[in-house]
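Shown next: input-v2.tsv, given as TSV, C-alpha atoms and all ligand atoms.
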chain	number	residue	atom	x	y	z
A	1	MET	CA	122.61	-110.25	127.52
A	2	LEU	CA	125.40	-112.19	129.18
A	3	VAL	CA	128.64	-112.25	127.23
A	4	ALA	CA	131.86	-114.27	127.43
A	5	ALA	CA	134.66	-112.42	129.22
A	6	LYS	CA	137.37	-113.05	126.62
A	7	GLU	CA	136.73	-110.07	124.36
A	8	MET	CA	136.30	-107.50	127.15
A	9	LEU	CA	139.55	-108.63	128.73
A	10	GLN	CA	141.51	-108.59	125.49
A	11	LYS	CA	140.29	-105.02	124.98
A	12	ALA	CA	141.28	-104.15	128.55
A	13	LYS	CA	144.76	-105.60	128.16
A	14	ALA	CA	145.29	-103.71	124.89
A	15	GLY	CA	143.90	-100.52	126.45
A	16	HIS	CA	145.95	-100.80	129.67
A	17	TYR	CA	143.08	-100.94	132.13
A	18	ALA	CA	141.43	-103.74	134.11
A	19	VAL	CA	137.86	-104.98	134.31
A	20	ALA	CA	136.56	-105.61	137.83
A	21	GLN	CA	135.27	-109.01	138.81
A	22	ILE	CA	132.91	-108.27	141.66
A	23	ASN	CA	131.71	-111.34	143.52
A	24	ILE	CA	127.97	-111.48	144.13
A	25	ASN	CA	125.96	-112.95	147.00
A	26	ASN	CA	122.32	-112.16	146.40
A	27	LEU	CA	119.90	-109.97	144.45
A	28	GLU	CA	120.95	-106.74	146.21
A	29	TRP	CA	124.60	-107.37	145.33
A	30	THR	CA	123.84	-108.21	141.71
A	31	LYS	CA	121.55	-105.22	141.25
A	32	ALA	CA	124.07	-102.86	142.89
A	33	VAL	CA	126.90	-104.05	140.63
A	34	LEU	CA	124.83	-103.95	137.44
A	35	LEU	CA	123.41	-100.48	138.11
A	36	THR	CA	126.83	-99.05	138.97
A	37	SER	CA	128.44	-100.55	135.85
A	38	GLN	CA	125.69	-99.01	133.73
A	39	GLU	CA	126.02	-95.61	135.43
A	40	VAL	CA	129.77	-95.43	134.86
A	41	GLU	CA	129.62	-97.21	131.48
A	42	SER	CA	131.99	-99.97	132.43
A	43	PRO	CA	132.10	-103.63	131.42
A	44	VAL	CA	131.86	-105.93	134.44
A	45	ILE	CA	132.32	-109.51	135.50
A	46	LEU	CA	130.03	-110.94	138.17
A	47	GLY	CA	131.99	-113.54	140.13
A	48	VAL	CA	130.20	-116.52	141.67
A	49	SER	CA	132.07	-118.83	144.03
A	50	GLU	CA	130.74	-122.34	144.51
A	51	GLY	CA	129.67	-121.39	148.03
A	52	ALA	CA	127.80	-118.31	146.82
A	53	GLY	CA	126.26	-120.42	144.05
A	54	LYS	CA	124.85	-122.83	146.61
A	55	TYR	CA	123.71	-119.96	148.83
A	56	MET	CA	121.75	-118.32	146.02
A	57	GLY	CA	119.93	-121.57	145.26
A	58	GLY	CA	122.02	-122.81	142.34
A	59	TYR	CA	123.53	-121.77	139.04
A	60	ASN	CA	120.25	-121.81	137.09
A	61	ALA	CA	118.73	-119.42	139.62
A	62	ILE	CA	121.71	-117.08	139.23
A	63	VAL	CA	121.57	-117.08	135.44
A	64	GLY	CA	117.82	-116.42	135.57
A	65	MET	CA	118.20	-113.61	138.13
A	66	THR	CA	121.04	-111.93	136.25
A	67	ASN	CA	119.40	-112.15	132.84
A	68	GLY	CA	116.16	-110.83	134.33
A	69	LEU	CA	117.90	-107.88	135.99
A	70	ILE	CA	119.81	-107.04	132.81
A	71	LYS	CA	116.53	-106.92	130.90
A	72	ASP	CA	114.36	-105.20	133.49
A	73	LEU	CA	116.98	-102.58	134.47
A	74	GLY	CA	117.91	-101.87	130.85
A	75	ILE	CA	121.58	-102.81	131.34
A	76	THR	CA	123.48	-102.43	128.06
A	77	VAL	CA	127.11	-102.60	129.21
A	78	PRO	CA	128.87	-105.98	128.67
A	79	VAL	CA	128.24	-108.30	131.62
A	80	ALA	CA	129.93	-111.67	132.08
A	81	LEU	CA	128.80	-114.17	134.70
A	82	HIS	CA	131.88	-116.08	135.85
A	83	LEU	CA	132.44	-119.10	138.09
A	84	ASP	CA	135.16	-118.21	140.61
A	85	HIS	CA	137.70	-120.91	141.65
A	86	GLY	CA	135.63	-123.66	140.10
A	87	SER	CA	136.22	-127.36	140.50
A	88	PHE	CA	136.18	-129.53	137.36
A	89	GLU	CA	132.63	-130.70	138.09
A	90	HIS	CA	131.23	-127.23	138.75
A	91	CYS	CA	132.71	-125.85	135.52
A	92	TYR	CA	130.34	-128.18	133.68
A	93	LYS	CA	127.39	-127.39	135.96
A	94	CYS	CA	127.87	-123.68	135.24
A	95	MET	CA	128.20	-124.16	131.49
A	96	ASP	CA	125.04	-126.27	131.49
A	97	ALA	CA	123.22	-123.51	133.39
A	98	GLY	CA	124.27	-120.82	130.89
A	99	PHE	CA	127.41	-119.22	132.36
A	100	MET	CA	129.53	-117.81	129.53
A	101	SER	CA	132.72	-117.67	131.59
A	102	ILE	CA	134.32	-120.09	134.06
A	103	MET	CA	137.46	-120.41	136.14
A	104	PHE	CA	138.89	-123.87	136.47
A	105	ASP	CA	141.16	-123.76	139.51
A	106	GLY	CA	143.43	-126.78	139.29
A	107	SER	CA	146.23	-125.06	141.20
A	108	HIS	CA	145.99	-127.51	144.13
A	109	TYR	CA	146.67	-130.51	141.85
A	110	PRO	CA	150.16	-131.67	140.87
A	111	PHE	CA	151.07	-129.53	137.84
A	112	ALA	CA	150.66	-132.37	135.27
A	113	GLU	CA	147.12	-132.96	136.52
A	114	ASN	CA	146.32	-129.24	136.43
A	115	VAL	CA	147.46	-129.26	132.78
A	116	GLU	CA	145.37	-132.29	131.80
A	117	LYS	CA	142.20	-131.09	133.52
A	118	THR	CA	142.60	-127.53	132.20
A	119	ARG	CA	143.12	-128.91	128.68
A	120	LYS	CA	139.83	-130.81	128.87
A	121	VAL	CA	137.87	-127.86	130.29
A	122	VAL	CA	139.28	-125.52	127.62
A	123	ALA	CA	138.31	-127.91	124.78
A	124	ASP	CA	134.75	-128.31	126.06
A	125	ALA	CA	134.30	-124.63	126.89
A	126	MET	CA	135.65	-123.50	123.53
A	127	ALA	CA	133.09	-125.69	121.78
A	128	ARG	CA	130.37	-123.78	123.67
A	129	GLY	CA	131.87	-120.30	123.23
A	130	VAL	CA	132.58	-120.06	126.97
A	131	SER	CA	135.71	-118.25	128.26
A	132	VAL	CA	138.12	-120.02	130.60
A	133	GLU	CA	140.39	-118.71	133.35
A	134	ALA	CA	143.00	-121.08	134.80
A	135	GLU	CA	145.30	-120.76	137.80
A	136	VAL	CA	148.98	-121.37	138.40
A	137	GLY	CA	150.69	-120.92	141.76
A	138	SER	CA	148.13	-120.13	144.41
A	139	ILE	CA	146.29	-117.23	145.97
A	140	GLY	CA	146.97	-117.08	149.70
A	141	GLY	CA	144.28	-117.03	152.37
A	142	GLU	CA	140.79	-118.47	152.22
A	143	GLU	CA	137.71	-117.72	150.15
A	144	ASP	CA	134.51	-119.70	150.63
A	145	GLY	CA	136.41	-122.78	151.75
A	146	VAL	CA	139.05	-122.53	148.98
A	147	VAL	CA	142.34	-122.29	150.88
A	148	GLY	CA	145.63	-121.37	149.21
A	149	THR	CA	149.22	-121.38	150.41
A	150	GLY	CA	150.17	-118.23	148.52
A	151	GLU	CA	152.80	-119.98	146.42
A	152	LEU	CA	154.34	-117.75	143.70
A	153	ALA	CA	153.57	-118.94	140.17
A	154	ASP	CA	156.36	-120.43	138.07
A	155	PRO	CA	156.46	-118.39	134.82
A	156	GLN	CA	157.31	-121.50	132.75
A	157	GLU	CA	154.26	-123.27	134.15
A	158	CYS	CA	152.18	-120.19	133.32
A	159	LYS	CA	153.36	-120.41	129.74
A	160	ALA	CA	152.51	-124.13	129.57
A	161	ILE	CA	148.96	-123.44	130.81
A	162	ALA	CA	148.61	-120.38	128.53
A	163	ASP	CA	149.57	-122.56	125.56
A	164	LEU	CA	146.52	-124.77	126.24
A	165	GLY	CA	144.36	-121.92	124.91
A	166	VAL	CA	143.02	-120.47	128.17
A	167	ASP	CA	141.50	-117.02	127.71
A	168	PHE	CA	142.98	-115.42	130.85
A	169	LEU	CA	145.25	-116.58	133.60
A	170	ALA	CA	145.36	-116.12	137.37
A	171	ALA	CA	148.87	-116.39	138.71
A	172	GLY	CA	149.92	-116.31	142.35
A	173	ILE	CA	152.14	-113.24	142.78
A	174	GLY	CA	151.92	-112.80	146.54
A	175	ASN	CA	148.22	-111.84	146.48
A	176	ILE	CA	145.87	-113.01	149.22
A	177	HIS	CA	142.09	-113.38	149.53
A	178	GLY	CA	140.59	-111.29	152.32
A	179	LYS	CA	142.34	-108.52	154.26
A	180	TYR	CA	146.13	-108.23	153.89
A	181	PRO	CA	148.11	-108.81	157.09
A	182	ASP	CA	150.24	-105.93	158.39
A	183	ASN	CA	153.42	-107.83	157.58
A	184	TRP	CA	152.38	-108.55	153.95
A	185	ALA	CA	155.41	-108.52	151.63
A	186	GLY	CA	153.44	-106.92	148.74
A	187	LEU	CA	152.97	-108.16	145.18
A	188	SER	CA	155.91	-109.78	143.43
A	189	PHE	CA	156.27	-107.59	140.32
A	190	GLU	CA	159.34	-109.56	139.34
A	191	THR	CA	157.19	-112.69	139.03
A	192	LEU	CA	154.43	-110.80	137.21
A	193	ASP	CA	156.91	-109.30	134.75
A	194	ALA	CA	158.46	-112.71	134.04
A	195	ILE	CA	154.98	-114.20	133.47
A	196	GLN	CA	153.95	-111.44	131.10
A	197	GLN	CA	157.19	-111.80	129.10
A	198	LEU	CA	156.34	-115.45	128.46
A	199	THR	CA	152.58	-115.17	127.99
A	200	GLY	CA	152.49	-112.10	125.74
A	201	ASP	CA	149.00	-110.74	125.04
A	202	LEU	CA	147.19	-113.08	127.41
A	203	PRO	CA	145.15	-111.06	129.94
A	204	LEU	CA	146.38	-111.77	133.47
A	205	VAL	CA	144.14	-111.86	136.53
A	206	LEU	CA	144.83	-110.39	139.95
A	207	HIS	CA	142.81	-112.10	142.68
A	208	GLY	CA	142.57	-110.71	146.20
A	209	GLY	CA	141.78	-107.14	145.04
A	210	THR	CA	140.62	-106.05	148.50
A	211	GLY	CA	143.13	-103.75	150.18
A	212	ILE	CA	145.85	-103.64	147.51
A	213	PRO	CA	147.29	-100.10	147.48
A	214	ILE	CA	146.50	-98.02	144.36
A	215	GLU	CA	150.15	-97.77	143.22
A	216	MET	CA	150.45	-101.57	143.26
A	217	ILE	CA	147.20	-101.90	141.29
A	218	GLN	CA	148.46	-99.45	138.69
A	219	ARG	CA	151.81	-101.17	138.39
A	220	ALA	CA	150.11	-104.57	138.05
A	221	ILE	CA	147.93	-103.20	135.23
A	222	SER	CA	151.03	-101.81	133.50
A	223	LEU	CA	152.48	-105.35	133.63
A	224	GLY	CA	149.52	-107.03	131.95
A	225	VAL	CA	146.82	-107.47	134.59
A	226	ALA	CA	143.44	-106.95	132.87
A	227	LYS	CA	141.03	-108.38	135.44
A	228	ILE	CA	141.00	-107.68	139.17
A	229	ASN	CA	138.79	-109.63	141.56
A	230	VAL	CA	137.11	-107.93	144.49
A	231	ASN	CA	134.97	-109.70	147.04
A	232	THR	CA	135.74	-108.95	150.70
A	233	GLU	CA	135.70	-105.17	150.26
A	234	CYS	CA	132.03	-105.13	149.22
A	235	GLN	CA	131.19	-107.43	152.12
A	236	LEU	CA	132.95	-105.05	154.53
A	237	SER	CA	131.19	-101.96	153.16
A	238	PHE	CA	127.80	-103.71	153.20
A	239	ALA	CA	128.32	-104.88	156.79
A	240	ALA	CA	129.54	-101.47	158.04
A	241	ALA	CA	126.57	-99.61	156.52
A	242	THR	CA	124.09	-102.16	157.88
A	243	ARG	CA	125.72	-101.95	161.31
A	244	SER	CA	125.40	-98.13	161.37
A	245	TYR	CA	121.73	-98.34	160.41
A	246	ILE	CA	120.94	-100.79	163.20
A	247	GLU	CA	123.17	-99.14	165.79
A	248	ALA	CA	121.39	-95.85	165.10
A	249	GLY	CA	118.14	-97.69	165.94
A	250	LYS	CA	116.67	-96.95	162.51
A	251	ASP	CA	115.18	-100.43	162.19
A	252	LEU	CA	113.05	-99.58	165.21
A	253	GLU	CA	111.69	-96.31	163.79
A	254	GLY	CA	108.45	-96.53	161.83
A	255	LYS	CA	108.76	-99.22	159.18
A	256	GLY	CA	112.56	-99.23	159.37
A	257	PHE	CA	112.47	-103.01	159.73
A	258	ASP	CA	111.19	-103.38	156.14
A	259	PRO	CA	113.95	-105.33	154.34
A	260	ARG	CA	113.85	-102.80	151.51
A	261	LYS	CA	114.84	-100.13	154.05
A	262	LEU	CA	117.10	-102.30	156.20
A	263	LEU	CA	119.21	-103.44	153.25
A	264	ALA	CA	119.26	-100.07	151.47
A	265	PRO	CA	122.35	-98.57	153.20
A	266	GLY	CA	124.35	-101.73	152.46
A	267	PHE	CA	123.19	-101.65	148.85
A	268	THR	CA	124.29	-98.01	148.48
A	269	ALA	CA	127.63	-98.84	150.14
A	270	ILE	CA	128.31	-101.66	147.64
A	271	LYS	CA	127.58	-99.24	144.79
A	272	ALA	CA	130.11	-96.75	146.14
A	273	THR	CA	132.78	-99.45	146.52
A	274	VAL	CA	132.22	-100.78	143.01
A	275	LYS	CA	132.37	-97.27	141.52
A	276	GLU	CA	135.61	-96.54	143.34
A	277	LYS	CA	137.16	-99.79	142.09
A	278	MET	CA	136.12	-99.13	138.49
A	279	GLU	CA	137.65	-95.65	138.66
A	280	ILE	CA	140.93	-97.03	140.04
A	281	PHE	CA	141.02	-99.88	137.52
A	282	GLY	CA	140.43	-97.44	134.63
A	283	SER	CA	137.38	-99.21	133.16
A	284	VAL	CA	135.00	-96.22	133.47
A	285	GLY	CA	133.64	-95.22	130.05
A	286	LYS	CA	135.08	-98.36	128.41
A	287	ALA	CA	131.76	-100.20	127.84
B	1	LIG	P1	139.13	-110.43	147.96
B	1	LIG	O1	138.05	-111.07	148.76
B	1	LIG	O2	140.40	-110.34	148.69
B	1	LIG	O3	138.70	-109.13	147.37
B	1	LIG	O4	139.44	-111.43	146.73
B	1	LIG	C1	138.46	-111.67	145.77
B	1	LIG	C2	138.88	-112.73	144.82
B	1	LIG	O5	140.03	-112.88	144.50
B	1	LIG	C3	137.84	-113.59	144.24
B	1	LIG	O6	138.38	-114.68	143.58
What's the structure tokens form of this structure?
Ligand code: 13P
Amino acid sequence: MLVAAKEMLQKAKAGHYAVAQININNLEWTKAVLLTSQEVESPVILGVSEGAGKYMGGYNAIVGMTNGLIKDLGITVPVALHLDHGSFEHCYKCMDAGFMSIMFDGSHYPFAENVEKTRKVVADAMARGVSVEAEVGSIGGEEDGVVGTGELADPQECKAIADLGVDFLAAGIGNIHGKYPDNWAGLSFETLDAIQQLTGDLPLVLHGGTGIPIEMIQRAISLGVAKINVNTECQLSFAAATRSYIEAGKDLEGKGFDPRKLLAPGFTAIKATVKEKMEIFGSVGKA
């Protein structure tokens, strides 16, 4: 059964670990993430960007696929399906389709507009028992057409958004979607610390989980991060494993072209990446 993300993240924040949000792209991705979470007994959040939502056919298709896999694979760990960087309109589309968790990303609006739109989404989501993530500052880089400048969040603005009743908050602290450039300045722990001081028990979200060194992840968790988003790293492991299979000519041997064989190395690679992340984030055994 799909659950809201609020409770699992409150538990994570209190227990000083983080739950992984792994973004999904198709059935292989979803199955790989669900099976790994079950194997390591970890709660998990399946992230769906608007682009991935469109790619998979739509939000109803994703809810149906995920619920079906949970039932057929006997998944008992808590699973939340979560809209990633949602627009106002898509927050409602996802809630109507059965998502129990949404991110309203109003960070590109003037702050007053971000506040008003977030307030409305929170009120409507709360009435449906759906969890809400909001964003202040911005995540650098690009993800599925969502481009951010990488502006550091203002802790006072974080408090104002937290006070609207959001369930967890993404704040720009120097994090970037995609691979980190060689000259990356690192996470701003000063900003994160100031945000946590003002937002108290609210679980904080670290986007751009791909490529952040382990020590930085651990420090971020110690300063209140309870959800870490990972997308690019699974795409890279899937692509590398698929490349090796084809470069070794395995698709040309026997029935190696069968999609169930062709996609198997990528599937296994995603599983390994997800397991590694859950171990680093400390959520193993916390289901
Ligand atoms: P990466 O693609 O850098 O892992 O970021 C994922 C993310 O933040 C999803 O919102």
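Taking only C-alpha atoms, the non-local environment of Leu169 in chain A within 8 Å (same-chain residues fewer than 3 positions away omitted) comprises Glu133, Ala134, Glu135, Val136, Cys158, Ala162, Val166, Leu202, Pro203, Leu204 and Val205 of chain A.
Closest approach to ligand LIG 1 (chain B) among A:Asp193, A:Asp72, A:Glu157, A:Glu233: A:Glu233, based on all atoms listed in the file.
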Could you produce a table of the residues of chain A lying within 9 Å of ligand LIG 1 (chain B), with the nearest pair of atoms per residue and their separation in Å rounded to one decimal, using all atoms listed in the file, ordered by chain and increasing residue number, as CSV?
residue,atom,partner,partner_atom,distance
A:Gln21,CA,B:LIG1,C3,7.6
A:Ile22,CA,B:LIG1,C1,7.7
A:Asn23,CA,B:LIG1,C3,6.6
A:Gly47,CA,B:LIG1,C3,7.1
A:Val48,CA,B:LIG1,C3,8.6
A:Ser49,CA,B:LIG1,O6,7.6
A:Asp84,CA,B:LIG1,O6,5.6
A:His85,CA,B:LIG1,O6,6.6
A:Ile139,CA,B:LIG1,O5,7.8
A:Gly141,CA,B:LIG1,O2,8.6
A:Glu142,CA,B:LIG1,O1,8.6
A:Glu143,CA,B:LIG1,O1,6.8
A:Asn175,CA,B:LIG1,O2,8.3
A:Ile176,CA,B:LIG1,O2,6.1
A:His177,CA,B:LIG1,O2,3.6
A:Gly178,CA,B:LIG1,O2,3.8
A:Lys179,CA,B:LIG1,O2,6.2
A:Tyr180,CA,B:LIG1,O2,8.0
A:Leu206,CA,B:LIG1,O5,7.1
A:His207,CA,B:LIG1,O5,3.4
A:Gly208,CA,B:LIG1,O4,3.3
A:Gly209,CA,B:LIG1,O3,4.3
A:Thr210,CA,B:LIG1,O3,3.8
A:Gly211,CA,B:LIG1,O2,7.3
A:Ile212,CA,B:LIG1,O2,8.7
A:Ile228,CA,B:LIG1,O5,7.5
A:Asn229,CA,B:LIG1,C2,4.5
A:Val230,CA,B:LIG1,O3,3.5
A:Asn231,CA,B:LIG1,O1,3.8
A:Thr232,CA,B:LIG1,O1,3.7
A:Glu233,CA,B:LIG1,O3,5.7
A:Cys234,CA,B:LIG1,O3,8.0
A:Gln235,CA,B:LIG1,O1,8.5
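Residues in contact range of range 27-30 of chain A, defined as at most 8 Å between all atoms listed in the file, with sequence neighbours fewer than 3 positions away removed, read Ile24, Val33, Leu34, Leu46, Met65, Thr66, Leu263, Phe267 and Ile270 of chain A.
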Practice problem: Name all residues at most 8 Å from Thr118 in chain A (count only C-alpha atoms; drop same-chain ones fewer than 5 positions away) and give them as JSON, numbers by chain. | Solution: {"A": [104, 106, 134, 161, 164]}
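Atom pair CA of Ser37 in chain A / CA of Gly186 in chain A: separated by 28.8 Å.
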Closest atom pairs, residues of range 165-278 of chain A within 10 Å of range 124-131 of chain A, only C-alpha atoms, as CSV:
residue,atom,partner,partner_atom,distance
A:Gly165,CA,A:Met126,CA,9.0
A:Val166,CA,A:Ser131,CA,7.6
A:Asp167,CA,A:Ser131,CA,5.9
A:Phe168,CA,A:Ser131,CA,8.2
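Of note, CA of Ile45 in chain A and CA of Glu215 in chain A are spaced 22.7 Å apart.
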Exercise. Could you check which of A:Gly86, A:Leu2, A:Ala123, A:Gln10 is closest to Leu69 in chain A, using all atoms listed in the file?
Key: A:Leu2
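Between Met100 in chain A and the residues A:Glu279, A:Glu39, A:Asp144, A:Glu7, the shortest atom-to-atom distance, using all atoms listed in the file, involves A:Glu7.
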Exercise. Considering all atoms listed in the file, return as a ChimeraX atom specification whatever protein or nucleic-acid residues lie within 10 Å of Ala220 in chain A, sequence-local ones (same chain, fewer than 2 positions apart) excluded.
Key: /A:17-18,187-189,192-193,204-206,214-218,222-226,228
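Computed from the coordinates, the CA of Pro265 in chain A to CA of Ala241 in chain A distance equals 5.5 Å.
Among the candidate residues A:Asn114, A:Gln197, A:Asn25, A:Asn60, the one lying nearest to Pro155 in chain A is A:Gln197, with distances computed using only C-alpha atoms.
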Exercise. Quick one: everything within 7 Å of Ser101 in chain A, counting all atoms listed in the file, minus sequence neighbours fewer than 4 positions away in the same chain. Send it as a PyMOL selection string.
Key: chain A and resi 4-5+80-83+130-132
C-alpha atoms of the current selection, written as a CSV table (one decimal), in the coordinates of the input:
chain,number,residue,atom,x,y,z
A,4,ALA,CA,131.9,-114.3,127.4
A,5,ALA,CA,134.7,-112.4,129.2
A,80,ALA,CA,129.9,-111.7,132.1
A,81,LEU,CA,128.8,-114.2,134.7
A,82,HIS,CA,131.9,-116.1,135.8
A,83,LEU,CA,132.4,-119.1,138.1
A,130,VAL,CA,132.6,-120.1,127.0
A,131,SER,CA,135.7,-118.2,128.3
A,132,VAL,CA,138.1,-120.0,130.6
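Using all atoms listed in the file for every distance, the candidate list A:Thr36, A:Gly98, A:Glu50, A:Lys11 yields A:Gly98 as the residue closest to Val63 in chain A.
Minimum atom-to-atom distances from A:Val121, A:Asn67, A:Thr76, A:Leu152 to Tyr92 in chain A were compared using all atoms listed in the file, and the lowest value belongs to A:Val121.
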